[in-house]
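Trainee: Pasting query-v7.txt below, which is compact mmCIF, C-alpha atoms.
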# COMPACT_ATOMS: atom_id res chain seq x y z
CA MET A 121 92.15 -80.85 -82.64
CA ILE A 122 95.69 -82.33 -82.66
CA ASN A 123 98.42 -80.65 -84.67
CA GLU A 124 101.17 -83.15 -83.88
CA PRO A 125 102.79 -84.72 -86.94
CA ALA A 126 101.59 -88.30 -87.45
CA PHE A 127 105.19 -89.53 -87.60
CA GLU A 128 108.20 -88.17 -85.74
CA MET A 129 110.73 -89.21 -88.39
CA PRO A 130 110.40 -89.82 -92.14
CA TRP A 131 111.73 -93.37 -91.76
CA HIS A 132 108.96 -94.15 -89.25
CA ALA A 133 106.41 -93.17 -91.90
CA GLN A 134 108.19 -95.13 -94.64
CA LEU A 135 108.42 -98.23 -92.47
CA PHE A 136 104.78 -97.97 -91.40
CA ALA A 137 103.62 -97.61 -95.00
CA LEU A 138 105.82 -100.49 -96.17
CA THR A 139 104.33 -102.77 -93.52
CA VAL A 140 100.72 -101.77 -94.21
CA HIS A 141 101.29 -102.19 -97.96
CA LEU A 142 102.82 -105.67 -97.53
CA ASN A 143 99.90 -106.69 -95.30
CA GLU A 144 97.40 -105.41 -97.86
CA LEU A 145 99.19 -107.38 -100.57
CA GLY A 146 98.79 -110.51 -98.42
CA ARG A 147 102.47 -111.00 -97.61
CA PHE A 148 101.43 -111.61 -93.97
CA GLU A 149 98.24 -111.47 -91.94
CA TRP A 150 97.84 -108.60 -89.50
CA LEU A 151 97.38 -111.07 -86.64
CA GLU A 152 100.74 -112.63 -87.53
CA TRP A 153 102.26 -109.15 -87.56
CA VAL A 154 100.86 -108.26 -84.13
CA GLU A 155 102.07 -111.53 -82.62
CA SER A 156 105.60 -111.12 -83.99
CA PHE A 157 105.77 -107.43 -83.11
CA SER A 158 104.66 -107.99 -79.53
CA ILE A 159 107.39 -110.62 -79.08
CA THR A 160 110.04 -108.19 -80.39
CA LEU A 161 108.74 -105.38 -78.19
CA LYS A 162 108.86 -107.66 -75.18
CA SER A 163 112.46 -108.70 -75.85
CA HIS A 164 113.56 -105.10 -76.51
CA GLY A 165 111.93 -104.00 -73.26
CA LEU A 166 113.63 -106.62 -71.10
CA ASP A 167 116.55 -104.45 -70.02
CA ARG A 168 115.06 -100.96 -70.42
CA GLU A 169 111.77 -99.14 -70.62
CA LEU A 170 110.73 -98.31 -74.19
CA ASN A 171 109.43 -94.77 -74.61
CA GLY A 172 107.31 -95.38 -77.71
CA GLY A 173 109.48 -93.24 -80.01
CA ASP A 174 112.51 -94.37 -82.03
CA ASP A 175 112.85 -97.51 -79.90
CA TYR A 176 109.30 -98.55 -80.82
CA PHE A 177 110.01 -98.24 -84.55
CA LEU A 178 113.36 -100.03 -84.18
CA ALA A 179 111.43 -102.99 -82.78
CA TRP A 180 108.95 -102.59 -85.66
CA LEU A 181 111.83 -102.64 -88.20
CA GLU A 182 113.39 -105.74 -86.67
CA THR A 183 109.99 -107.49 -86.78
CA LEU A 184 109.50 -106.68 -90.45
CA GLU A 185 113.05 -107.79 -91.33
CA ASN A 186 112.45 -111.07 -89.50
CA LEU A 187 109.11 -111.72 -91.21
CA LEU A 188 110.59 -111.04 -94.65
CA ALA A 189 113.59 -113.24 -93.91
CA LYS A 190 111.29 -116.01 -92.69
CA ASP A 191 109.36 -116.16 -95.96
CA SER A 192 112.61 -115.71 -97.96
CA SER A 193 111.47 -112.38 -99.49
CA VAL A 194 114.58 -110.56 -98.25
CA GLY A 195 117.64 -112.34 -96.92
CA ALA A 196 119.95 -110.88 -94.27
CA LEU A 197 122.96 -110.79 -96.60
CA GLU A 198 121.20 -109.03 -99.48
CA LEU A 199 119.77 -106.56 -96.98
CA PHE A 200 123.25 -105.85 -95.62
CA LYS A 201 124.69 -105.40 -99.13
CA MET A 202 121.89 -103.06 -100.15
CA ARG A 203 122.29 -100.96 -97.01
CA LYS A 204 126.02 -100.64 -97.73
CA ALA A 205 125.26 -99.70 -101.34
CA TRP A 206 122.94 -96.88 -100.19
CA GLU A 207 125.56 -95.77 -97.69
CA ALA A 208 128.19 -95.59 -100.46
CA ALA A 209 125.76 -93.71 -102.71
CA HIS A 210 125.30 -91.05 -100.04
CA PHE A 211 129.05 -90.65 -99.63
CA ILE A 212 129.64 -89.94 -103.32
CA THR A 213 126.58 -87.78 -104.05
CA PRO A 214 127.11 -84.01 -103.95
CA HIS A 215 124.96 -82.14 -101.47
CA GLY A 216 121.56 -81.26 -102.88
CA ALA A 217 121.70 -83.82 -105.68
CA PRO A 218 119.33 -86.78 -105.55
CA VAL A 219 121.01 -89.86 -104.12
CA ILE A 220 120.93 -92.76 -106.53
CA LEU A 221 122.47 -96.18 -106.28
CA ASP A 222 125.79 -96.63 -108.04
CA PRO A 223 125.78 -98.72 -110.09
CA PRO A 224 122.03 -98.30 -110.55
CA GLU A 225 121.72 -101.83 -111.89
CA LEU A 226 123.16 -103.29 -108.66
CA LYS A 227 121.75 -106.75 -108.31
CA THR A 228 120.18 -107.87 -105.07
CA MET B 87 172.00 -59.62 -64.03
CA LEU B 88 172.88 -62.74 -65.85
CA ALA B 89 170.42 -64.58 -63.76
CA THR B 90 167.83 -61.95 -64.55
CA TYR B 91 168.58 -62.10 -68.28
CA SER B 92 168.54 -65.84 -68.19
CA SER B 93 165.23 -65.80 -66.45
CA PHE B 94 163.92 -63.22 -68.99
CA SER B 95 165.26 -65.36 -71.78
CA THR B 96 163.57 -68.45 -70.33
CA GLY B 97 160.37 -66.47 -69.94
CA ALA B 98 160.58 -65.21 -73.53
CA SER B 99 161.29 -68.68 -74.78
CA ALA B 100 158.31 -70.03 -72.85
CA ALA B 101 156.14 -67.23 -74.28
CA LEU B 102 157.43 -68.05 -77.76
CA ASN B 103 156.59 -71.71 -77.18
CA VAL B 104 153.10 -70.81 -76.07
CA TRP B 105 152.70 -68.63 -79.17
CA THR B 106 154.04 -71.37 -81.42
CA ASN B 107 151.76 -73.91 -79.82
CA THR B 108 148.84 -71.53 -80.19
CA ARG B 109 149.68 -71.09 -83.90
CA VAL B 110 149.84 -74.85 -84.32
CA LEU B 111 146.51 -75.16 -82.58
CA ILE B 112 144.94 -72.42 -84.74
CA ASN B 113 146.33 -74.06 -87.90
CA TYR B 114 144.93 -77.38 -86.76
CA MET B 115 141.54 -75.80 -86.16
CA ILE B 116 141.60 -74.18 -89.61
CA MET B 117 142.46 -77.54 -91.18
CA ALA B 118 139.70 -79.25 -89.25
CA HIS B 119 137.28 -76.50 -90.33
CA ASP B 120 138.38 -76.90 -93.98
CA GLN B 121 137.97 -80.63 -93.72
CA GLU B 122 134.49 -80.12 -92.31
CA HIS B 123 133.70 -77.91 -95.29
CA ASN B 124 135.07 -80.51 -97.65
CA GLU B 125 132.68 -83.03 -96.14
CA HIS B 126 129.68 -80.74 -96.44
CA PRO B 127 129.48 -80.84 -100.26
CA TYR B 128 128.23 -84.43 -99.91
CA ASN B 129 124.89 -85.65 -98.67
CA ASP B 130 124.53 -86.30 -94.97
CA LEU B 131 124.31 -89.99 -94.24
CA PRO B 132 120.84 -90.98 -93.01
CA SER B 133 120.53 -92.85 -89.72
CA GLU B 134 121.22 -96.57 -89.64
CA PRO B 135 117.52 -97.59 -89.35
CA ALA B 136 116.60 -95.16 -92.15
CA LEU B 137 119.16 -96.90 -94.41
CA ARG B 138 117.77 -100.31 -93.42
CA VAL B 139 114.25 -99.22 -94.38
CA LYS B 140 115.52 -97.80 -97.68
CA ALA B 141 117.37 -101.06 -98.38
CA LEU B 142 114.24 -103.13 -97.69
CA GLU B 143 112.16 -100.92 -99.94
CA THR B 144 114.70 -101.10 -102.79
CA ILE B 145 114.99 -104.89 -102.66
CA LEU B 146 111.22 -105.40 -102.50
CA THR B 147 110.68 -102.96 -105.38
CA ARG B 148 113.31 -104.63 -107.56
CA LYS B 149 111.76 -108.02 -106.90
CA GLY B 150 108.36 -106.63 -107.89
CA LEU B 151 106.93 -107.40 -104.47
CA ILE B 152 105.73 -103.85 -103.73
CA ASP B 153 104.51 -100.81 -105.60
CA PRO B 154 106.55 -97.83 -104.31
CA SER B 155 103.82 -95.35 -105.31
CA ALA B 156 101.44 -97.14 -102.92
CA LEU B 157 103.74 -96.22 -100.02
CA ASP B 158 103.40 -92.50 -100.79
CA LYS B 159 99.62 -92.84 -100.88
CA ILE B 160 99.55 -94.61 -97.51
CA ILE B 161 101.80 -91.97 -95.93
CA ASP B 162 99.70 -89.16 -97.38
CA THR B 163 96.52 -90.78 -96.06
CA TYR B 164 97.83 -91.13 -92.51
CA GLN B 165 99.54 -87.76 -92.49
CA ASN B 166 96.77 -85.70 -94.03
CA LYS B 167 93.45 -87.53 -94.25
CA ILE B 168 93.11 -89.83 -91.25
CA GLY B 169 93.27 -88.51 -87.73
CA PRO B 170 91.32 -87.83 -84.55
CA ARG B 171 88.94 -85.58 -86.48
CA ASN B 172 87.27 -88.73 -87.85
CA GLY B 173 86.66 -90.05 -84.35
CA ALA B 174 85.44 -86.65 -83.20
CA HIS B 175 82.98 -86.60 -86.09
CA VAL B 176 81.54 -89.92 -84.90
CA VAL B 177 81.36 -88.74 -81.27
CA ALA B 178 79.67 -85.46 -82.27
CA LYS B 179 77.05 -87.42 -84.21
CA ALA B 180 76.48 -89.71 -81.24
CA TRP B 181 76.03 -86.70 -78.94
CA SER B 182 73.52 -85.03 -81.18
CA ASP B 183 71.52 -88.01 -82.49
CA SER B 184 70.21 -90.55 -79.96
CA ASN B 185 69.33 -93.10 -82.65
CA PHE B 186 72.85 -92.92 -84.09
CA ARG B 187 74.29 -93.23 -80.57
CA ALA B 188 72.20 -96.35 -79.80
CA ALA B 189 73.12 -97.98 -83.10
CA LEU B 190 76.80 -97.09 -82.62
CA LEU B 191 76.92 -98.71 -79.19
CA ASP B 192 75.09 -101.76 -80.52
CA ASP B 193 77.35 -102.34 -83.55
CA ALA B 194 79.61 -99.53 -84.70
CA ASN B 195 80.92 -101.17 -87.85
CA PRO B 196 78.04 -100.67 -90.34
CA LEU B 197 77.77 -97.00 -89.34
CA LEU B 198 81.52 -96.44 -89.57
CA ALA B 199 81.64 -98.17 -92.95
CA LYS B 200 78.90 -95.83 -94.17
CA LEU B 201 80.96 -92.83 -93.00
CA GLY B 202 84.05 -94.27 -94.72
CA TYR B 203 85.92 -94.99 -91.47
CA TYR B 204 86.68 -98.69 -91.75
CA GLY B 205 89.70 -100.68 -90.64
CA ARG B 206 92.34 -101.38 -93.25
CA GLN B 207 93.54 -104.39 -91.30
CA GLY B 208 90.03 -105.86 -91.02
CA GLU B 209 89.63 -105.05 -87.36
CA HIS B 210 86.29 -104.73 -85.65
CA ILE B 211 85.64 -101.43 -83.88
CA VAL B 212 83.67 -101.30 -80.65
CA ALA B 213 82.32 -98.02 -79.22
CA VAL B 214 82.15 -97.73 -75.43
CA GLU B 215 80.42 -94.86 -73.67
CA ASN B 216 81.60 -92.93 -70.62
CA THR B 217 78.94 -92.09 -68.06
CA ASP B 218 78.90 -90.90 -64.44
CA GLU B 219 79.06 -94.54 -63.35
CA ILE B 220 81.58 -95.97 -65.84
CA HIS B 221 84.76 -94.49 -67.26
CA ASN B 222 86.32 -96.45 -70.13
CA MET B 223 89.95 -96.25 -71.15
CA VAL B 224 91.84 -98.09 -73.85
CA VAL B 225 95.27 -99.69 -73.98
CA CYS B 226 97.08 -102.32 -76.01
CA THR B 227 99.16 -104.40 -73.64
CA LEU B 228 100.64 -106.48 -76.49
CA CYS B 229 101.88 -103.72 -78.79
CA SER B 230 99.92 -100.65 -79.92
CA CYS B 231 96.65 -101.74 -81.55
CA TYR B 232 94.62 -98.58 -82.06
CA PRO B 233 91.58 -97.55 -84.11
CA TRP B 234 93.63 -96.03 -86.95
CA PRO B 235 90.66 -95.08 -89.20
CA LEU B 236 89.17 -93.05 -86.35
CA LEU B 237 92.17 -91.66 -84.49
CA GLY B 238 95.11 -91.95 -86.89
CA ILE B 239 98.57 -92.97 -85.69
CA PRO B 240 98.83 -93.40 -81.89
CA PRO B 241 100.87 -90.90 -79.88
CA SER B 242 104.22 -92.02 -78.42
CA TRP B 243 102.87 -92.31 -74.89
CA TYR B 244 100.25 -94.86 -76.06
CA LYS B 245 103.12 -97.00 -77.43
CA SER B 246 105.36 -96.61 -74.38
CA ASP B 247 106.08 -99.46 -71.98
CA ALA B 248 104.96 -97.30 -69.07
CA TYR B 249 101.43 -96.75 -70.40
CA ARG B 250 101.04 -100.30 -71.72
CA SER B 251 102.09 -101.91 -68.46
CA ARG B 252 100.62 -99.53 -65.89
CA THR B 253 97.16 -98.88 -67.31
CA VAL B 254 95.79 -102.28 -66.37
CA ARG B 255 97.58 -102.31 -63.00
CA GLU B 256 96.82 -98.79 -61.77
CA PRO B 257 94.36 -97.08 -64.13
CA ARG B 258 93.31 -94.35 -61.69
CA LYS B 259 96.90 -93.32 -61.09
CA VAL B 260 97.58 -93.21 -64.84
CA LEU B 261 94.40 -91.17 -65.34
CA SER B 262 95.43 -88.71 -62.63
CA GLU B 263 98.72 -88.16 -64.49
CA PHE B 264 96.62 -87.12 -67.49
CA GLY B 265 94.73 -84.74 -65.20
CA VAL B 266 91.61 -86.91 -65.05
CA ARG B 267 90.30 -87.34 -61.49
CA LEU B 268 87.14 -89.38 -61.12
CA PRO B 269 84.75 -89.68 -58.19
CA GLU B 270 85.11 -92.84 -56.08
CA TYR B 271 81.75 -94.14 -57.28
CA THR B 272 82.88 -94.19 -60.93
CA THR B 273 84.09 -97.60 -62.06
CA VAL B 274 87.11 -97.55 -64.36
CA ARG B 275 86.95 -100.13 -67.11
CA VAL B 276 90.11 -100.82 -69.14
CA TRP B 277 89.77 -102.30 -72.62
CA ASP B 278 92.75 -104.16 -74.05
CA SER B 279 92.87 -103.73 -77.84
CA THR B 280 93.89 -106.61 -80.06
CA ALA B 281 94.60 -107.18 -83.74
CA GLU B 282 90.90 -107.98 -84.18
CA ILE B 283 89.14 -105.53 -81.85
CA ARG B 284 89.85 -101.81 -81.39
CA TYR B 285 87.89 -99.43 -79.18
CA LEU B 286 86.55 -95.89 -79.46
CA VAL B 287 85.58 -94.15 -76.24
CA ILE B 288 82.51 -91.91 -76.49
CA PRO B 289 83.34 -89.27 -73.86
CA LYS B 290 80.68 -87.86 -71.59
CA CYS B 291 78.65 -85.22 -73.35
CA PRO B 292 79.04 -81.77 -71.78
CA THR B 293 75.84 -80.04 -70.67
CA GLY B 294 74.43 -77.22 -72.75
CA ILE B 295 75.20 -78.50 -76.24
CA ASP B 296 71.58 -78.42 -77.40
CA GLY B 297 71.32 -76.84 -80.80
CA MET B 298 75.07 -76.75 -81.37
CA ALA B 299 76.25 -77.63 -84.88
CA GLU B 300 78.36 -80.76 -85.46
CA GLU B 301 81.39 -78.63 -86.42
CA ALA B 302 81.26 -76.76 -83.10
CA LEU B 303 80.91 -80.04 -81.18
CA ILE B 304 83.92 -81.56 -82.98
CA LYS B 305 86.07 -78.72 -81.61
CA LEU B 306 85.26 -79.79 -78.04
CA ILE B 307 86.39 -83.38 -78.53
CA THR B 308 90.04 -84.15 -77.83
CA ARG B 309 91.97 -87.15 -79.08
CA ASP B 310 92.82 -88.23 -75.53
CA SER B 311 89.15 -88.16 -74.52
CA MET B 312 88.45 -90.79 -77.20
CA ILE B 313 91.15 -93.04 -75.70
CA GLY B 314 89.65 -92.41 -72.27
CA CYS B 315 92.74 -90.56 -71.00
CA GLY B 316 91.40 -87.04 -71.21
CA LEU B 317 88.27 -84.97 -70.94
CA VAL B 318 86.44 -82.99 -73.56
CA LYS B 319 86.84 -79.22 -73.59
CA SER B 320 84.26 -77.36 -71.56
CA LEU B 321 81.85 -74.94 -73.19
What would you get if you wrote out this structure as structure tokens?
Mentor:
Amino acid sequence: MINEPAFEMPWHAQLFALTVHLNELGRFEWLEWVESFSITLKSHGLDRELNGGDDYFLAWLETLENLLAKDSSVGALELFKMRKAWEAAHFITPHGAPVILDPPELKT
Amino acid sequence: MLATYSSFSTGASAALNVWTNTRVLINYMIMAHDQEHNEHPYNDLPSEPALRVKALETILTRKGLIDPSALDKIIDTYQNKIGPRNGAHVVAKAWSDSNFRAALLDDANPLLAKLGYYGRQGEHIVAVENTDEIHNMVVCTLCSCYPWPLLGIPPSWYKSDAYRSRTVREPRKVLSEFGVRLPEYTTVRVWDSTAEIRYLVIPKCPTGIDGMAEEALIKLITRDSMIGCGLVKSL
């Protein structure tokens, strides 16, 4: 049968799982997801042809961020701060050591 | 002589300059190399979207809105347990059992539920059969709706703009690019998947399968043939 990996990149898998999990928890209906995602895909594909790889999951990520911002689960500013915190954690963590947030109790 | 010496001296000076410049360049390269090594002891920074996903996950976990262990289970399921083999199992059963085939075409969902292949997102699965007269192929023009429980995660080409936009407009041309050439008398029917309805194509059964075990049949069935964009392997 097919031996291709299900996901090209680990973050694709993580994002997919996060979305499915949130849907199963009732955070949004799948129909709502499909409608929002198709709008994002359409807007991303206005000036170029999407190849169904990274660009597809970038549209997926933007859709999820928008849905979570809309229901106030995750705001844009807290998302930005948390991304920066992870970035900083990577910069100070020695190679091979697990990357943890510093300070771990960082508030969102 | 003086002129010659002077010219030699100028030449030597130029050579010395080149040497000095080369030394400077080598030193610079060594410094750059050292700096590179100094950077290596630290973890490589993940890509920007990977950091965004990580940030989302952290915030949602800290707010108690998700269970991070559930994410690992979902990934494991889609990476290791769900895939085109499930769909091929259903097709093989349809090929070898006419009652199962009839029931599948009538209403696939009770049979799929019994086999454990049901939609997580509550979608309804419809089975469509390829014959000499009708060739079915599946697309999702809106995004990438796909029968996950039967075929797993869709391939990149299924999610691409080119496939999503061209399949409805020029299905025969798209099929020919997949190496599928159909006789003129075969009607091509394109099914547009939605959030509620996903399709499984039952490819045409090859001749000479009588008596073959399900396992052997499964090996003939390709993923693309169950999307309608490929053919089954010949015996």
Trainee: When you look at B:Arg250 with a cut-off of 12 Å (counting all atoms listed in the file), what residues show up, excluding the ones that are within fewer than 6 positions of it in the same chain? I need them as a list of chain:residue names.
Mentor: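 Once the nearby chain positions are removed, what remains is A:Ser158, A:Leu161, A:Lys162, A:Gly165, A:Glu169, A:Leu170, A:Asn171, A:Gly172, B:Met223, B:Val224, B:Val225, B:Cys226, B:Thr227, B:Leu228, B:Cys229, B:Ser230, B:Cys231, B:Ser242, B:Trp243, B:Tyr244, B:Glu256, B:Pro257, B:Val260, B:Val276, B:Trp277, B:Asp278, B:Ser279.
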Trainee: Create the file for the chosen residues now, containing C-alpha atoms and written as a PDB file, in the frame of the given file.
Mentor:
ATOM      1  CA  SER A 158     104.660-107.990 -79.530  1.00  0.00           C
ATOM      2  CA  LEU A 161     108.740-105.380 -78.190  1.00  0.00           C
ATOM      3  CA  LYS A 162     108.860-107.660 -75.180  1.00  0.00           C
ATOM      4  CA  GLY A 165     111.930-104.000 -73.260  1.00  0.00           C
ATOM      5  CA  GLU A 169     111.770 -99.140 -70.620  1.00  0.00           C
ATOM      6  CA  LEU A 170     110.730 -98.310 -74.190  1.00  0.00           C
ATOM      7  CA  ASN A 171     109.430 -94.770 -74.610  1.00  0.00           C
ATOM      8  CA  GLY A 172     107.310 -95.380 -77.710  1.00  0.00           C
TER       9      GLY A 172
ATOM     10  CA  MET B 223      89.950 -96.250 -71.150  1.00  0.00           C
ATOM     11  CA  VAL B 224      91.840 -98.090 -73.850  1.00  0.00           C
ATOM     12  CA  VAL B 225      95.270 -99.690 -73.980  1.00  0.00           C
ATOM     13  CA  CYS B 226      97.080-102.320 -76.010  1.00  0.00           C
ATOM     14  CA  THR B 227      99.160-104.400 -73.640  1.00  0.00           C
ATOM     15  CA  LEU B 228     100.640-106.480 -76.490  1.00  0.00           C
ATOM     16  CA  CYS B 229     101.880-103.720 -78.790  1.00  0.00           C
ATOM     17  CA  SER B 230      99.920-100.650 -79.920  1.00  0.00           C
ATOM     18  CA  CYS B 231      96.650-101.740 -81.550  1.00  0.00           C
ATOM     19  CA  SER B 242     104.220 -92.020 -78.420  1.00  0.00           C
ATOM     20  CA  TRP B 243     102.870 -92.310 -74.890  1.00  0.00           C
ATOM     21  CA  TYR B 244     100.250 -94.860 -76.060  1.00  0.00           C
ATOM     22  CA  GLU B 256      96.820 -98.790 -61.770  1.00  0.00           C
ATOM     23  CA  PRO B 257      94.360 -97.080 -64.130  1.00  0.00           C
ATOM     24  CA  VAL B 260      97.580 -93.210 -64.840  1.00  0.00           C
ATOM     25  CA  VAL B 276      90.110-100.820 -69.140  1.00  0.00           C
ATOM     26  CA  TRP B 277      89.770-102.300 -72.620  1.00  0.00           C
ATOM     27  CA  ASP B 278      92.750-104.160 -74.050  1.00  0.00           C
ATOM     28  CA  SER B 279      92.870-103.730 -77.840  1.00  0.00           C
TER      29      SER B 279
END
Trainee: Output the contact residues of chain A with respect to chain B at a cut-off of 7 Å, based on only C-alpha atoms, as JSON, numbers by chain.
Mentor: {"A": [121, 126, 131, 133, 135, 137, 138, 141, 150, 151, 154, 157, 158, 169, 170, 171, 172, 173, 199, 202, 203, 206, 207, 210, 211, 212, 213, 214, 215, 216, 228]}
Trainee: Report, in Å to a single decimal, how far apart atom CA of B:Leu190 and atom CA of B:Val212 are.
Mentor: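 According to the coordinates, atom CA of B:Val212 and atom CA of B:Leu190 are separated by 8.3 Å.
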Trainee: Around (88.6, -93.7, -56.6) in the file's own coordinates, what residues are found within 12 Å if you use all atoms listed in the file, given back as a PDB file with C-alpha atoms, in the frame of the given file?
Mentor:
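Below is the file point-v6.pdb, written as the result:
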ATOM      1  CA  GLU B 219      79.060 -94.540 -63.350  1.00  0.00           C
ATOM      2  CA  ILE B 220      81.580 -95.970 -65.840  1.00  0.00           C
ATOM      3  CA  HIS B 221      84.760 -94.490 -67.260  1.00  0.00           C
ATOM      4  CA  GLU B 256      96.820 -98.790 -61.770  1.00  0.00           C
ATOM      5  CA  PRO B 257      94.360 -97.080 -64.130  1.00  0.00           C
ATOM      6  CA  ARG B 258      93.310 -94.350 -61.690  1.00  0.00           C
ATOM      7  CA  LYS B 259      96.900 -93.320 -61.090  1.00  0.00           C
ATOM      8  CA  LEU B 261      94.400 -91.170 -65.340  1.00  0.00           C
ATOM      9  CA  SER B 262      95.430 -88.710 -62.630  1.00  0.00           C
ATOM     10  CA  VAL B 266      91.610 -86.910 -65.050  1.00  0.00           C
ATOM     11  CA  ARG B 267      90.300 -87.340 -61.490  1.00  0.00           C
ATOM     12  CA  LEU B 268      87.140 -89.380 -61.120  1.00  0.00           C
ATOM     13  CA  PRO B 269      84.750 -89.680 -58.190  1.00  0.00           C
ATOM     14  CA  GLU B 270      85.110 -92.840 -56.080  1.00  0.00           C
ATOM     15  CA  TYR B 271      81.750 -94.140 -57.280  1.00  0.00           C
ATOM     16  CA  THR B 272      82.880 -94.190 -60.930  1.00  0.00           C
ATOM     17  CA  THR B 273      84.090 -97.600 -62.060  1.00  0.00           C
ATOM     18  CA  VAL B 274      87.110 -97.550 -64.360  1.00  0.00           C
TER      19      VAL B 274
END
Trainee: Quick one: distance from atom CA of B:Phe186 to atom CA of B:Gly173 in Å, one decimal?
Mentor: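 Computing it gives 14.1 Å between the two atoms.
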Trainee: Compare A:Gln134, A:Ala179, A:Leu187, A:Glu124 by their minimum atom-to-atom distance to A:Glu149, counting only C-alpha atoms, and give me the closest one.
Mentor: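 Ranked by minimum distance to A:Glu149, first place goes to A:Leu187.
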Trainee: Nearest residue to B:Thr293 out of B:Ser182, B:Ser251, B:Val214, B:Glu263, using all atoms listed in the file?
Mentor: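 Using all atoms listed in the file, the shortest distance to B:Thr293 belongs to B:Ser182.
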Trainee: Quick one: what's the axis-aligned box for stretch 134-150 of chain A, all listed atoms, 6 Å on every side, centre and edges in Å to one decimal, as JSON?
Mentor:
{"center_x": 102.9, "center_y": -103.4, "center_z": -95.0, "size_x": 23.0, "size_y": 28.5, "size_z": 23.1}
Trainee: Just give me the gap between atom CA of A:Trp153 and atom CA of B:Tyr204 in Å, one decimal is fine.
Mentor: 19.2 Å
Trainee: Between A:Ala196, A:Glu155, A:Glu128, A:Leu145, which has the minimum distance to A:Tyr176 (counting only C-alpha atoms)?
Mentor: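 Closest candidate: A:Glu128.
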Trainee: Report as a list of chain:residue names all protein, DNA and RNA residues lying within 6 Å of stretch 177-179 of chain B, evaluated on all atoms listed in the file, omitting residues in the same chain fewer than 4 positions from it.
Mentor: B:Asp183, B:Ile288, B:Glu300, B:Leu303, B:Ile304
Trainee: Please determine, counting only C-alpha atoms, which residue among A:Asp174, A:Asp167, A:Glu185, A:Glu144 has the shortest atom-to-atom distance to A:Leu197.
Mentor: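 Smallest distance to A:Leu197 is found for A:Glu185.
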Trainee: Calculated over only C-alpha atoms, which of the candidates A:Thr139, A:Arg147, A:Met129, A:His164 has the smallest distance to A:Ser192?
Mentor: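 Closest to A:Ser192 of all the choices is A:Arg147.
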Trainee: Using all atoms listed in the file, which of the listed residues (B:Ile211, B:Leu191, B:Ile313, B:Leu237) sits closest to B:Arg275?
Mentor: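 Using all atoms listed in the file, the shortest distance to B:Arg275 belongs to B:Ile313.
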Trainee: Please supply stretch 140-149 of chain A, rebuilt with N, CA, C and O atoms, as a compact mmCIF listing (two decimals), keeping the file's coordinate frame.
Mentor:
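What landed in part_9.txt:
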# COMPACT_ATOMS: atom_id res chain seq x y z
N VAL A 140 102.15 -101.76 -93.88
CA VAL A 140 100.72 -101.77 -94.21
C VAL A 140 100.53 -102.27 -95.64
O VAL A 140 99.66 -103.09 -95.92
N HIS A 141 101.38 -101.80 -96.55
CA HIS A 141 101.29 -102.19 -97.96
C HIS A 141 101.52 -103.70 -98.10
O HIS A 141 100.76 -104.39 -98.79
N LEU A 142 102.53 -104.24 -97.44
CA LEU A 142 102.82 -105.67 -97.53
C LEU A 142 101.67 -106.50 -96.96
O LEU A 142 101.33 -107.55 -97.48
N ASN A 143 101.06 -106.00 -95.89
CA ASN A 143 99.90 -106.69 -95.30
C ASN A 143 98.74 -106.68 -96.29
O ASN A 143 98.07 -107.70 -96.51
N GLU A 144 98.52 -105.52 -96.92
CA GLU A 144 97.40 -105.41 -97.86
C GLU A 144 97.62 -106.28 -99.10
O GLU A 144 96.67 -106.71 -99.73
N LEU A 145 98.89 -106.51 -99.43
CA LEU A 145 99.19 -107.38 -100.57
C LEU A 145 99.13 -108.86 -100.18
O LEU A 145 99.30 -109.73 -101.02
N GLY A 146 98.92 -109.12 -98.89
CA GLY A 146 98.79 -110.51 -98.42
C GLY A 146 100.10 -111.18 -98.07
O GLY A 146 100.15 -112.40 -97.93
N ARG A 147 101.18 -110.40 -97.95
CA ARG A 147 102.47 -111.00 -97.61
C ARG A 147 102.43 -111.62 -96.21
O ARG A 147 103.06 -112.61 -95.93
N PHE A 148 101.68 -111.01 -95.30
CA PHE A 148 101.43 -111.61 -93.97
C PHE A 148 100.10 -111.09 -93.45
O PHE A 148 99.63 -110.02 -93.85
N GLU A 149 99.51 -111.87 -92.57
CA GLU A 149 98.24 -111.47 -91.94
C GLU A 149 98.54 -110.47 -90.83
O GLU A 149 99.61 -110.52 -90.22
